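Just below is one structure, and these are the notes that go with it.
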Amino acid sequence: LNLVLYPAGFGWPSAQHGTMTTCRLFGFVAQLSLATGALNALLCLYYWSTICRGLDKRLWVRRERGAYGLIFGGFVVLAALGTYLEIYNPFLEGNVCWIAPYPPRCESDSYPDVKCDNYPAQRFEFFYVLFSDIWVLTYIVIVVVTNILIWRKVRRQHKKMEHYQKQQAAQQQQQAVRMDPSEDFHPSRNDYDNSDSHDTNGEDGVATTAERTTPEACSNKSVITPANNLDTSSWAVASLSVA
């Protein structure tokens with residue numbers, strides 16, 4: 001489009017089809033393209049409001065429609081204002097038409113004979129700030145600040161999630177230790193000792209079969225001695241004499 005819209009006699013030798021009217025139209029479109037930065041900033045505000053502020057998406061949709069109208073309407077008015085003020089002029093260095101004094105090089109001290117037609121060269125510094133710099137800086141601030149806030153929010157949530165997962169893992173480990181079924185099938189040594197003593201004594205204090213059959217049990221049994229035989233025979237003689 002530069003070859004068609006750029007005015008003839010300025011810059012490129014091949015640009016011979018444009019006029020100052022097409023150059024002003026070129027500047028209008030270039031100024032309107034700054035709305036893309038506003039849309040990027042609006043997208044960052046959307047992510048910030050939904051992630052960090054918890055804004056309902058349905059409420060954002062209603063606000064978004066108004067924001068689109070405000071952005072496009074505002075930049076159309078701004079671009080049309082620049083066309084009305086005739087500040088869109090050819091750039092010799094860039095071969096584009098945008099905010100520049102006219103005729104070209106009138107702001108340069110190297111060409112003292114070239115005088116600016118509409119506005120003095122110093123006036124265009126104000127035009128640069130009003131039509132370009134203030135918007136670009138606003139976009140940069142919004143994009144950078146919202147991304148930093150989103151990063152902080154996500155980082156905090158990530159740390160909270162890690163802490164929660166560690167707590168859950170510790171609780172599950174404690175529950176697994178408490179509900180370990182291996183304790184029911186592997187009694188302690190004391191349990192074995194108690195069961196042995198119970199089997200030895202029996203319920204009625206009578207020695208069990210295992211006790212009577214062991215060598216230790218046999219050694220503990222009473223053995224009939226001669227003294228016992230003597231007492232038994234004396235008792236038998238006394239009984240016969242009474243009879």
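How things are named: the first chain in the structure tokens is A, the next is B, and so on; residues count from 1 in each chain; ligands count from 1 in the order shown.
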- Nearby residues (only C-alpha atoms) at most 7 Å from stretch 120-129 of chain A, same-chain spacing under 3 positions excluded, as a PyMOL selection string: chain A and resi 99-101+107+116+132-134
Would you write out those residues with N, CA and C atoms, as a compact mmCIF listing (two decimals), in the first residue's frame?
# COMPACT_ATOMS: atom_id res chain seq x y z
N ILE A 99 2.20 11.15 11.68
CA ILE A 99 2.35 12.46 12.31
C ILE A 99 3.73 13.02 11.96
N ALA A 100 3.74 14.08 11.18
CA ALA A 100 5.00 14.69 10.75
C ALA A 100 4.71 16.10 10.23
N PRO A 101 5.65 17.01 10.40
CA PRO A 101 5.45 18.37 9.84
C PRO A 101 5.51 18.35 8.32
N GLU A 107 11.39 20.83 9.75
CA GLU A 107 11.80 20.89 11.15
C GLU A 107 13.31 20.81 11.32
N CYS A 116 7.66 25.27 7.68
CA CYS A 116 6.49 24.41 7.91
C CYS A 116 5.22 25.21 7.61
N SER A 132 0.01 9.24 20.18
CA SER A 132 0.76 7.98 20.15
C SER A 132 1.35 7.59 21.49
N ASP A 133 2.23 8.41 22.03
CA ASP A 133 3.04 7.98 23.18
C ASP A 133 2.18 7.65 24.40
N ILE A 134 1.20 8.46 24.67
CA ILE A 134 0.40 8.23 25.87
C ILE A 134 -0.35 6.90 25.80
Do you know which residues are at most 9 Å from A:Lys153 counting only C-alpha atoms, after dropping those on the same chain fewer than 5 positions away, and could you put them as a tab-separated table (two decimals) with N, CA and C atoms, in the first residue's frame?
chain	number	residue	atom	x	y	z
A	51	ILE	N	-8.96	-14.27	36.95
A	51	ILE	CA	-8.03	-15.11	37.72
A	51	ILE	C	-7.79	-14.54	39.11
A	52	CYS	N	-7.49	-13.25	39.17
A	52	CYS	CA	-7.11	-12.64	40.45
A	52	CYS	C	-8.32	-12.12	41.23
A	148	ILE	N	2.19	-9.46	35.92
A	148	ILE	CA	2.88	-9.67	37.20
A	148	ILE	C	1.88	-10.11	38.27
A	158	HIS	N	-0.08	-22.25	43.58
A	158	HIS	CA	0.78	-23.42	43.40
A	158	HIS	C	1.41	-23.82	44.74
- Message: Excluding stretch 70-86 of chain A and its own-chain neighbours fewer than 3 positions away, which residues fall within 6 Å of it when counting only C-alpha atoms? Please give them as a ChimeraX atom specification.
- Response: /A:28,31-32,67
- Message: as a list in words, please: the residues near A:Val145 (cut-off 12 Å, only C-alpha atoms, same-chain neighbours under 5 positions excluded).
- Response: Ala41, Cys44, Leu45, Tyr47, Trp48, Thr138, Tyr139, Ile140, Ile150, Trp151 and Arg152 of chain A
- Message: Considering only strand (DSSP E) as DSSP defines it on the backbone, what residues of stretch 80-147 of chain A qualify? List them as a PyMOL selection string.
- Response: chain A and resi 88-90+97-99
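The space between atom CA of A:Lys160 and atom CA of A:Val143 spans 25.9 Å.
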